[in-house]
Every structure is written in C-alpha cells, then in structure tokens.
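Asks: Have a look at this one.
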Amino acid sequence: MPVQQQPESIFNQLDAFGHKKVVFCSDPDTGLKAIIAIHDTTLGPAFGSTRMWSYRTEADALNDVLRLSKSMTYKCAIAGLNMGGGYSVIIGDSRKDKTEALMRKFGRFIKNLNGEFITSEDVGTSPRDMEYIRMETEHVTGIPESLGGSGDPSPVAAQGVFQGIKACVKEQFGSDSLTGKSVIVQGVGHVGEHLVRLLRDENVKVYVSDIQEERIGQIAKRYGAEAVSNNSIFDIDADIYAPCALGGTVNTQTINKLKCSIIAGSANNQLLDEAEHGAMLLEKGILFAPDYVINAGGIINCYSELMSFSKKRTLQLTENIYEVTRTILKLSKSENISTVKAANKIAEKRMEDIKKVKSSY
C-alpha cells in the first residue's frame, strides 16, 4: 500500500512565514469558519482585510491567509504606515452563506483580540459587512460614511494602482503619459472597475476580463472597453497586464505566454512563487510593480479613517505610491535584482529601523 503523506505541520508553516499568531474561529450556530493571521506587530497593531471565499480545502484557506498577512506587513512598512500586518479569511460562499449573525460573530472573535487586529473589507465582503462587525467591536474600518467611516476603499485603491502603472510606464517608455497605451484589466470588481475608469479617462485602450461574463459586458459597454474571455487574455499583445482579481496568475506558464512589458495590478500575491517568478520576469525584461506596493491605496484609506486624516491627506499619501514605485524600480535596476526583492529590502529596512526605536506593539 502507498504511504500516506502527512499534512505539513501548521507550526512549521508559521515558522516559514514568520507569524506571531494564528486564530482559528469556529461557531456551529452561525456556520462561521474563519482564520485570523497576525504576522508582525513591530510597527503597530496588525491591520488586514477580511476575505470570504469558497476555498477548495481548509489547507488552501490557511495558506492564503498566511501569504496575505505577511504581504500586509510589508505593505504597511513600505507605505510608511504605523501598522503591522495581519489578515483574515472566512470560509464560505459570500453569495449564499453570509448572514448578519455570521459577520457579527466574527466581530466577536476580533473583539477578543483586544485591538491586536483591525480589519476592513476585501473580496466577498462589503462596507455593510463591516457595519455588522462594528456592532460587536470598534476594531474595524471601511464602515459607511453615513456612520462616520471612510466607506468603500476601492476608489483609493484603484488610484494607487493607477499611480504605480504610471511609474512603470515612465521607467519603460521615458514618459508617464498613458495616452495610446493598452492595458489588460483582469477582474473588474470594485477596484478593477475604478481602474478601468481612470485608464479610459487617459485615453488608454482597455481590454477587460472577469469570471462573470455578464459583468464583462456591462463594464465594456459602460467605459468603452473591449471584452475578452479569461482564456484569451494572455494571447493579447498589450503594453500592460493588470491583474485585479485573485493571486497566482503570474506563473511559469503565463509568463511564457505574456506579450506585455509591464505587470501592474491590484490583486494580492500575483506571483505564484515570488523568488522564482520574480527572477523570471527580471530575465525576460518584464517590469513588475510589486502588488503590495501599488495596491496600498485601500489600506491608506482605512489608516486615514483610524487617524482621522482629511481626504486631501489620504490622496497625498496615495499619490506618493508613484514615487515609492520609482524608488523600487531604480533599486532593482542598479542592483540587478527583482522588483520584489528590491521592495522587500526597503520594507525590511524600515522595520529594522523602527525596532531600534520601540519594542513590539
């Protein structure tokens, strides 16, 4: 008989990612099954969104939340925010399984962490869901503006990605003008749609794709974009590929098919393997804007809510993503390292510097 493979130890996974704490949340009465991962609190309490998704396995959910929370640590560091990194995932179909009771019960688990973790919306959750969580804990952002919050962070997130695209275009073409350029936007949810609008305002040729075919047609018609199927996006000859859905779409297979010279989008963990695929892109001369750098607009918006910053200040911090991206691209070029390594280097230096100033939160 074949020897059954033992699943990888959860503690080994935590050691590999460098996590501080992982909380498993289970409540049979509401059907809640969730995981909260706290990666690092050097810079402040862990901040991270809540994603609700129908994961194939619980192991997939754990792997996703571990990667997302680590990415959030680096995102906060490089954006200059005084927040640590965390994330949470709720296992389930947001269209069928989500209820007020489930979200409020999840809010109770967040409350029990006593401010160590603060959340906001993500794929499968909304400002309304954050309102339910707020009924149980104050450690949540992205609540509706009518309740004193900052509302949907998607427009600000899209603005950050837009600034990152312009920085990459400046590096590749010598000017950051987007007029006449072509962009494939994969995933036209909240952030993706706002990005399409910003690009079309700059007279960019935009191709849109999404797993929901009806959604593709609506967005294409609304903004004058061209609808394409998910199966054909990597066959299109465009200047920029902007993944704005789930991660892992940049891998060995797709890199060998890509005809673009820039990858810059809002999706988290776009590279299936950071080291391997970051090096592949460098070798092929495809400029990759690290996702946790240019999609930081959403967390900047939520951080501004926590700090009571004005909308003007929020916009200033988001527009600075342009300069941060330029700095990363220059370091990548000067040291001949992938843009991911360059971004990590800058983020890690800030964390090491702040460790000298104060102890862990």
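Residues are named by chain letter and number: chains run A, B, ... in the order of the structure tokens, numbers start at 1 in each chain, and ligands are numbered from 1 in the order shown.
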Within 6 Å of range 153-162 of chain A, which residues of range 271-344 of chain A come that close, and what is the closest atom pair and distance in Å for each? Count only C-alpha atoms and give it as a Markdown table.
Replies:
| residue | atom | partner | partner_atom | distance |
| --- | --- | --- | --- | --- |
| A:Ile294 | CA | A:Val161 | CA | 4.9 |
| A:Asn295 | CA | A:Val161 | CA | 5.5 |
| A:Gly297 | CA | A:Ala157 | CA | 3.9 |
| A:Gly298 | CA | A:Ala157 | CA | 4.3 |
| A:Asn301 | CA | A:Pro153 | CA | 5.9 |
| A:Thr318 | CA | A:Gly160 | CA | 5.5 |
Asks: I'd like the neighbourhood of Lys205 in chain A as a PyMOL selection string, where a residue qualifies if any of its atoms comes within 10 Å (using only C-alpha atoms), though same-chain residues fewer than 5 positions away should be ignored.
Replies: chain A and resi 178-184+196+199-200+224-226+238-239
Asks: Using only C-alpha atoms, what does the table of range 249-353 of chain A residues within 10 Å of range 69-72 of chain A look like, with each row giving the shortest atom pair and its distance in Å to one decimal, sorted by chain and ascending number, as a tab-separated table?
Replies:
residue	atom	partner	partner_atom	distance
A:Asn268	CA	A:Ser71	CA	8.0
A:Asn269	CA	A:Ser71	CA	7.7
A:Asp291	CA	A:Ser71	CA	8.9
A:Tyr292	CA	A:Ser71	CA	6.3
A:Val293	CA	A:Ser71	CA	9.5
A:Ala296	CA	A:Met72	CA	8.9
A:Ile299	CA	A:Met72	CA	9.0
A:Asn344	CA	A:Ser71	CA	9.7
Asks: If DSSP is run on the backbone, what residues of range 199-359 of chain A are strand (DSSP E)? A reply as a list of chain:residue names would be ideal.
Replies: A:Lys205, A:Val206, A:Tyr207, A:Val208, A:Ser209, A:Glu226, A:Ala227, A:Ile240, A:Tyr241, A:Ala242, A:Pro243, A:Ile262, A:Ile263, A:Leu287, A:Phe288
Asks: Between CA of Tyr74 in chain A and CA of Glu348 in chain A, what is the distance, to one decimal in Å?
Replies: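 Between these atoms lies a distance of 7.5 Å.
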Asks: Pick out the closest residue to Phe288 in chain A from this set: A:Ser49, A:Ser261, A:Asn63, A:Asn336. Count only C-alpha atoms.
Replies: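 Going through A:Ser49, A:Ser261, A:Asn63, A:Asn336 one by one, the smallest distance to Phe288 in chain A is for A:Ser261.
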Asks: Skip Asn231 in chain A itself and residues of its chain fewer than 6 positions away, then list as number ranges by chain all residues within 12 Å of it, counting only C-alpha atoms.
Replies: A: 186, 209-211, 254, 257
Asks: Would you please extract all helix (DSSP H, G or I) residues from range 225-283 of chain A, as assigned by DSSP on the backbone, and give them as a compact mmCIF listing (two decimals) with all heavy atoms, in the first residue's frame?
Replies:
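File produced: states-v9.txt:
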# COMPACT_ATOMS: atom_id res chain seq x y z
N ASN A 230 -11.42 35.03 -20.31
CA ASN A 230 -10.28 34.70 -19.45
C ASN A 230 -9.28 33.81 -20.17
O ASN A 230 -8.08 33.86 -19.91
CB ASN A 230 -10.77 34.01 -18.18
CG ASN A 230 -10.98 35.00 -17.03
OD1 ASN A 230 -10.44 36.10 -17.07
ND2 ASN A 230 -11.76 34.61 -16.06
N ASN A 231 -9.77 32.97 -21.06
CA ASN A 231 -8.90 32.01 -21.76
C ASN A 231 -7.97 32.66 -22.77
O ASN A 231 -6.98 32.07 -23.18
CB ASN A 231 -9.75 30.96 -22.47
CG ASN A 231 -10.54 30.10 -21.49
OD1 ASN A 231 -10.09 29.88 -20.37
ND2 ASN A 231 -11.70 29.63 -21.90
N SER A 232 -8.30 33.89 -23.20
CA SER A 232 -7.52 34.51 -24.27
C SER A 232 -6.69 35.72 -23.84
O SER A 232 -5.98 36.31 -24.66
CB SER A 232 -8.45 34.93 -25.41
OG SER A 232 -9.38 35.91 -24.96
N ILE A 233 -6.76 36.09 -22.55
CA ILE A 233 -6.09 37.34 -22.16
C ILE A 233 -4.58 37.30 -22.34
O ILE A 233 -3.95 38.32 -22.63
CB ILE A 233 -6.43 37.74 -20.70
CG1 ILE A 233 -6.05 36.63 -19.73
CG2 ILE A 233 -7.87 38.12 -20.55
CD1 ILE A 233 -6.19 37.03 -18.28
N PHE A 234 -3.98 36.12 -22.19
CA PHE A 234 -2.52 36.04 -22.30
C PHE A 234 -2.06 35.95 -23.75
O PHE A 234 -0.86 35.92 -24.02
CB PHE A 234 -1.99 34.87 -21.48
CG PHE A 234 -2.28 35.01 -20.01
CD1 PHE A 234 -3.21 34.20 -19.38
CD2 PHE A 234 -1.64 35.99 -19.25
CE1 PHE A 234 -3.49 34.34 -18.03
CE2 PHE A 234 -1.91 36.13 -17.90
CZ PHE A 234 -2.84 35.31 -17.28
N ASP A 235 -3.00 35.93 -24.67
CA ASP A 235 -2.66 35.92 -26.10
C ASP A 235 -2.71 37.33 -26.69
O ASP A 235 -2.31 37.54 -27.84
CB ASP A 235 -3.64 35.02 -26.88
CG ASP A 235 -3.58 33.58 -26.41
OD1 ASP A 235 -2.46 33.10 -26.14
OD2 ASP A 235 -4.64 32.94 -26.31
N THR A 252 4.85 30.30 -14.20
CA THR A 252 5.73 29.86 -15.29
C THR A 252 4.99 29.78 -16.62
O THR A 252 5.49 30.25 -17.65
CB THR A 252 6.34 28.48 -14.95
OG1 THR A 252 7.07 28.58 -13.72
CG2 THR A 252 7.27 28.02 -16.06
N GLN A 253 3.81 29.23 -16.59
CA GLN A 253 3.03 29.07 -17.83
C GLN A 253 2.63 30.41 -18.42
O GLN A 253 2.81 30.65 -19.62
CB GLN A 253 1.78 28.23 -17.56
CG GLN A 253 0.94 27.95 -18.80
CD GLN A 253 -0.30 27.12 -18.50
OE1 GLN A 253 -0.55 26.76 -17.36
NE2 GLN A 253 -1.09 26.84 -19.52
N THR A 254 2.09 31.31 -17.59
CA THR A 254 1.60 32.59 -18.12
C THR A 254 2.75 33.52 -18.50
O THR A 254 2.64 34.29 -19.45
CB THR A 254 0.67 33.27 -17.12
OG1 THR A 254 1.35 33.48 -15.88
CG2 THR A 254 -0.58 32.44 -16.89
N ILE A 255 3.84 33.47 -17.74
CA ILE A 255 4.99 34.33 -18.08
C ILE A 255 5.51 34.01 -19.47
O ILE A 255 5.88 34.90 -20.24
CB ILE A 255 6.11 34.19 -17.02
CG1 ILE A 255 5.68 34.82 -15.70
CG2 ILE A 255 7.41 34.84 -17.51
CD1 ILE A 255 6.64 34.58 -14.55
N ASN A 256 5.52 32.74 -19.81
CA ASN A 256 5.99 32.33 -21.14
C ASN A 256 5.03 32.74 -22.25
O ASN A 256 5.41 32.75 -23.42
CB ASN A 256 6.22 30.82 -21.18
CG ASN A 256 7.46 30.41 -20.39
OD1 ASN A 256 8.45 31.14 -20.35
ND2 ASN A 256 7.42 29.24 -19.75
N LYS A 257 3.79 33.06 -21.89
CA LYS A 257 2.81 33.47 -22.89
C LYS A 257 2.64 34.99 -22.98
O LYS A 257 2.22 35.51 -24.01
CB LYS A 257 1.44 32.85 -22.57
CG LYS A 257 1.40 31.32 -22.70
CD LYS A 257 0.03 30.78 -22.33
CE LYS A 257 -1.03 31.19 -23.35
NZ LYS A 257 -2.35 30.57 -23.04
N GLU A 274 7.25 34.03 -5.43
CA GLU A 274 7.93 35.33 -5.50
C GLU A 274 9.36 35.23 -6.03
O GLU A 274 9.76 35.99 -6.90
CB GLU A 274 7.94 36.01 -4.13
CG GLU A 274 6.65 36.68 -3.76
CD GLU A 274 6.80 37.57 -2.54
OE1 GLU A 274 7.93 37.64 -1.97
OE2 GLU A 274 5.81 38.21 -2.14
N ALA A 275 10.13 34.31 -5.47
CA ALA A 275 11.54 34.20 -5.84
C ALA A 275 11.69 33.72 -7.29
O ALA A 275 12.38 34.37 -8.10
CB ALA A 275 12.26 33.25 -4.89
N GLU A 276 11.05 32.61 -7.61
CA GLU A 276 11.20 32.02 -8.94
C GLU A 276 10.63 32.93 -10.04
O GLU A 276 11.31 33.21 -11.04
CB GLU A 276 10.49 30.67 -8.98
CG GLU A 276 10.55 29.99 -10.35
CD GLU A 276 9.75 28.70 -10.41
OE1 GLU A 276 9.27 28.23 -9.34
OE2 GLU A 276 9.57 28.16 -11.53
N HIS A 277 9.43 33.40 -9.85
CA HIS A 277 8.78 34.15 -10.93
C HIS A 277 9.22 35.62 -10.96
O HIS A 277 9.21 36.24 -12.03
CB HIS A 277 7.27 34.00 -10.81
CG HIS A 277 6.83 32.57 -10.95
ND1 HIS A 277 6.07 31.91 -10.02
CD2 HIS A 277 7.12 31.64 -11.91
CE1 HIS A 277 5.88 30.66 -10.40
NE2 HIS A 277 6.51 30.47 -11.53
N GLY A 278 9.66 36.15 -9.83
CA GLY A 278 10.25 37.48 -9.84
C GLY A 278 11.52 37.48 -10.67
O GLY A 278 11.78 38.40 -11.46
N ALA A 279 12.34 36.42 -10.51
CA ALA A 279 13.58 36.28 -11.29
C ALA A 279 13.29 36.06 -12.77
O ALA A 279 13.99 36.60 -13.64
CB ALA A 279 14.40 35.12 -10.74
N MET A 280 12.25 35.29 -13.07
CA MET A 280 11.88 35.05 -14.48
C MET A 280 11.49 36.35 -15.18
O MET A 280 11.89 36.59 -16.32
CB MET A 280 10.70 34.06 -14.56
CG MET A 280 11.08 32.60 -14.41
SD MET A 280 9.65 31.50 -14.67
CE MET A 280 9.38 31.75 -16.46
N LEU A 281 10.72 37.18 -14.49
CA LEU A 281 10.29 38.45 -15.08
C LEU A 281 11.48 39.37 -15.31
O LEU A 281 11.57 40.06 -16.33
CB LEU A 281 9.26 39.13 -14.17
CG LEU A 281 7.90 38.41 -14.06
CD1 LEU A 281 7.03 39.10 -13.01
CD2 LEU A 281 7.18 38.40 -15.41
N LEU A 282 12.41 39.38 -14.35
CA LEU A 282 13.62 40.19 -14.50
C LEU A 282 14.41 39.75 -15.72
O LEU A 282 14.86 40.58 -16.52
CB LEU A 282 14.47 40.07 -13.24
CG LEU A 282 15.80 40.84 -13.24
CD1 LEU A 282 15.55 42.34 -13.25
CD2 LEU A 282 16.63 40.46 -12.01
N GLU A 283 14.55 38.45 -15.89
CA GLU A 283 15.30 37.90 -17.01
C GLU A 283 14.64 38.22 -18.36
O GLU A 283 15.32 38.50 -19.34
CB GLU A 283 15.44 36.39 -16.85
CG GLU A 283 16.30 35.72 -17.92
CD GLU A 283 16.44 34.23 -17.70
OE1 GLU A 283 16.07 33.74 -16.61
OE2 GLU A 283 16.92 33.55 -18.62
Asks: With distances taken over only C-alpha atoms, which of A:Cys260, A:Ser9, A:Ser88, A:Leu81 is nearest to Val22 in chain A?
Replies: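 Distance minimum relative to Val22 in chain A lands on A:Ser88.
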Asks: Which is closest to Gly192 in chain A among A:Ala267, A:Val340, A:Val140, A:Leu272, if we use only C-alpha atoms?
Replies: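 Ranked by minimum distance to Gly192 in chain A, first place goes to A:Ala267.
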Asks: Show me, as a VMD selection string, the residues that have an atom within 8 Å of Met130 in chain A when counting only C-alpha atoms, minus same-chain residues fewer than 2 positions from it.
Replies: chain A and resid 120 to 121 125 to 128 132 to 134 140 to 143
Asks: As number ranges by chain, please: the residues near range 108-115 of chain A (cut-off 8 Å, only C-alpha atoms, same-chain neighbours under 4 positions excluded).
Replies: A: 25, 45, 104, 133, 136-139
Asks: For those residues, write N, CA, C and O atoms to a file as a PDB file, in the first residue's frame.
Replies:
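So selection-v1.pdb came out as:
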ATOM      1  N   CYS A  25     -11.301  30.362  14.110  1.00  0.00           N
ATOM      2  CA  CYS A  25     -12.609  30.750  14.635  1.00  0.00           C
ATOM      3  C   CYS A  25     -13.683  29.787  14.139  1.00  0.00           C
ATOM      4  O   CYS A  25     -13.839  29.618  12.920  1.00  0.00           O
ATOM      5  N   PRO A  45      -0.403  47.720  15.729  1.00  0.00           N
ATOM      6  CA  PRO A  45      -1.346  46.604  15.689  1.00  0.00           C
ATOM      7  C   PRO A  45      -1.499  46.074  14.275  1.00  0.00           C
ATOM      8  O   PRO A  45      -1.341  46.813  13.299  1.00  0.00           O
ATOM      9  N   ARG A 104     -21.407  39.234  12.600  1.00  0.00           N
ATOM     10  CA  ARG A 104     -21.321  39.770  13.962  1.00  0.00           C
ATOM     11  C   ARG A 104     -20.565  38.810  14.889  1.00  0.00           C
ATOM     12  O   ARG A 104     -19.808  39.245  15.770  1.00  0.00           O
ATOM     13  N   ILE A 133     -19.812  44.000  11.743  1.00  0.00           N
ATOM     14  CA  ILE A 133     -18.669  43.743  12.634  1.00  0.00           C
ATOM     15  C   ILE A 133     -18.542  44.863  13.657  1.00  0.00           C
ATOM     16  O   ILE A 133     -18.263  44.626  14.837  1.00  0.00           O
ATOM     17  N   GLU A 136     -20.127  44.773  17.046  1.00  0.00           N
ATOM     18  CA  GLU A 136     -19.524  43.938  18.081  1.00  0.00           C
ATOM     19  C   GLU A 136     -18.154  44.409  18.534  1.00  0.00           C
ATOM     20  O   GLU A 136     -17.695  44.053  19.618  1.00  0.00           O
ATOM     21  N   THR A 137     -17.469  45.190  17.696  1.00  0.00           N
ATOM     22  CA  THR A 137     -16.123  45.652  18.046  1.00  0.00           C
ATOM     23  C   THR A 137     -15.809  46.957  17.334  1.00  0.00           C
ATOM     24  O   THR A 137     -16.295  47.205  16.227  1.00  0.00           O
ATOM     25  N   GLU A 138     -14.972  47.758  17.956  1.00  0.00           N
ATOM     26  CA  GLU A 138     -14.546  49.013  17.332  1.00  0.00           C
ATOM     27  C   GLU A 138     -13.338  48.819  16.415  1.00  0.00           C
ATOM     28  O   GLU A 138     -12.930  49.745  15.721  1.00  0.00           O
ATOM     29  N   HIS A 139     -12.782  47.610  16.407  1.00  0.00           N
ATOM     30  CA  HIS A 139     -11.549  47.364  15.666  1.00  0.00           C
ATOM     31  C   HIS A 139     -11.836  46.970  14.213  1.00  0.00           C
ATOM     32  O   HIS A 139     -11.505  45.880  13.751  1.00  0.00           O
TER      33      HIS A 139
END
Asks: Name all residues at most 9 Å from Val185 in chain A (count only C-alpha atoms; drop same-chain ones fewer than 3 positions away) and give them as a PDB file with N, CA, C and O atoms, in the first residue's frame.
Replies:
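In the end it all went to around33.pdb:
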ATOM      1  N   VAL A 188     -12.863  42.762 -12.906  1.00  0.00           N
ATOM      2  CA  VAL A 188     -13.460  44.105 -12.891  1.00  0.00           C
ATOM      3  C   VAL A 188     -14.484  44.208 -11.767  1.00  0.00           C
ATOM      4  O   VAL A 188     -15.635  44.584 -11.968  1.00  0.00           O
ATOM      5  N   GLY A 192     -11.143  46.956  -9.814  1.00  0.00           N
ATOM      6  CA  GLY A 192     -10.925  46.832 -11.255  1.00  0.00           C
ATOM      7  C   GLY A 192     -11.746  47.814 -12.061  1.00  0.00           C
ATOM      8  O   GLY A 192     -11.253  48.429 -13.015  1.00  0.00           O
ATOM      9  N   GLU A 193     -13.012  47.980 -11.689  1.00  0.00           N
ATOM     10  CA  GLU A 193     -13.869  48.927 -12.424  1.00  0.00           C
ATOM     11  C   GLU A 193     -13.353  50.353 -12.290  1.00  0.00           C
ATOM     12  O   GLU A 193     -13.295  51.097 -13.273  1.00  0.00           O
ATOM     13  N   LEU A 195     -10.334  51.275 -11.775  1.00  0.00           N
ATOM     14  CA  LEU A 195      -9.101  51.368 -12.554  1.00  0.00           C
ATOM     15  C   LEU A 195      -9.422  51.531 -14.037  1.00  0.00           C
ATOM     16  O   LEU A 195      -8.780  52.335 -14.734  1.00  0.00           O
ATOM     17  N   VAL A 196     -10.398  50.786 -14.528  1.00  0.00           N
ATOM     18  CA  VAL A 196     -10.815  50.923 -15.929  1.00  0.00           C
ATOM     19  C   VAL A 196     -11.239  52.364 -16.213  1.00  0.00           C
ATOM     20  O   VAL A 196     -10.859  52.952 -17.237  1.00  0.00           O
ATOM     21  N   VAL A 206      -8.347  49.691 -23.384  1.00  0.00           N
ATOM     22  CA  VAL A 206      -8.510  48.775 -22.262  1.00  0.00           C
ATOM     23  C   VAL A 206      -9.249  47.507 -22.684  1.00  0.00           C
ATOM     24  O   VAL A 206     -10.313  47.571 -23.308  1.00  0.00           O
ATOM     25  N   TYR A 207      -8.662  46.356 -22.341  1.00  0.00           N
ATOM     26  CA  TYR A 207      -9.310  45.058 -22.501  1.00  0.00           C
ATOM     27  C   TYR A 207      -9.760  44.615 -21.118  1.00  0.00           C
ATOM     28  O   TYR A 207      -8.990  44.706 -20.160  1.00  0.00           O
ATOM     29  N   VAL A 208     -10.984  44.135 -20.976  1.00  0.00           N
ATOM     30  CA  VAL A 208     -11.480  43.713 -19.670  1.00  0.00           C
ATOM     31  C   VAL A 208     -11.877  42.244 -19.692  1.00  0.00           C
ATOM     32  O   VAL A 208     -12.399  41.735 -20.689  1.00  0.00           O
ATOM     33  N   SER A 209     -11.594  41.574 -18.565  1.00  0.00           N
ATOM     34  CA  SER A 209     -11.918  40.163 -18.437  1.00  0.00           C
ATOM     35  C   SER A 209     -12.344  39.891 -17.005  1.00  0.00           C
ATOM     36  O   SER A 209     -11.882  40.548 -16.066  1.00  0.00           O
ATOM     37  N   ASP A 210     -13.234  38.912 -16.833  1.00  0.00           N
ATOM     38  CA  ASP A 210     -13.720  38.575 -15.498  1.00  0.00           C
ATOM     39  C   ASP A 210     -14.353  37.185 -15.566  1.00  0.00           C
ATOM     40  O   ASP A 210     -14.776  36.743 -16.637  1.00  0.00           O
ATOM     41  N   ILE A 240       0.463  46.533 -21.016  1.00  0.00           N
ATOM     42  CA  ILE A 240       0.395  46.313 -19.569  1.00  0.00           C
ATOM     43  C   ILE A 240      -0.646  45.254 -19.240  1.00  0.00           C
ATOM     44  O   ILE A 240      -1.750  45.244 -19.796  1.00  0.00           O
ATOM     45  N   TYR A 241      -0.288  44.365 -18.326  1.00  0.00           N
ATOM     46  CA  TYR A 241      -1.234  43.393 -17.776  1.00  0.00           C
ATOM     47  C   TYR A 241      -1.518  43.801 -16.342  1.00  0.00           C
ATOM     48  O   TYR A 241      -0.605  43.918 -15.525  1.00  0.00           O
ATOM     49  N   ALA A 242      -2.797  44.049 -16.033  1.00  0.00           N
ATOM     50  CA  ALA A 242      -3.198  44.492 -14.696  1.00  0.00           C
ATOM     51  C   ALA A 242      -4.112  43.463 -14.048  1.00  0.00           C
ATOM     52  O   ALA A 242      -5.337  43.506 -14.213  1.00  0.00           O
ATOM     53  N   PRO A 243      -3.540  42.499 -13.290  1.00  0.00           N
ATOM     54  CA  PRO A 243      -4.376  41.522 -12.589  1.00  0.00           C
ATOM     55  C   PRO A 243      -5.062  42.159 -11.386  1.00  0.00           C
ATOM     56  O   PRO A 243      -4.395  42.683 -10.494  1.00  0.00           O
ATOM     57  N   CYS A 244      -6.388  42.121 -11.380  1.00  0.00           N
ATOM     58  CA  CYS A 244      -7.149  42.765 -10.304  1.00  0.00           C
ATOM     59  C   CYS A 244      -8.155  41.815  -9.661  1.00  0.00           C
ATOM     60  O   CYS A 244      -9.154  42.256  -9.083  1.00  0.00           O
ATOM     61  N   GLY A 265      -1.038  45.568 -11.162  1.00  0.00           N
ATOM     62  CA  GLY A 265      -2.461  45.448 -10.863  1.00  0.00           C
ATOM     63  C   GLY A 265      -2.721  45.464  -9.375  1.00  0.00           C
ATOM     64  O   GLY A 265      -1.805  45.612  -8.564  1.00  0.00           O
TER      65      GLY A 265
END
Asks: One decimal, Å: what's the distance from CA of Ser334 in chain A over to CA of Tyr322 in chain A, could you say?
Replies: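 So the answer is 18.5 Å.
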Asks: Could you tell me which of A:Leu68, A:Leu14, A:Ser150, A:Cys76 comes closest to Leu306 in chain A if we count only C-alpha atoms?
Replies: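 Looking only at the distances to Leu306 in chain A, the closest residue turns out to be A:Ser150.
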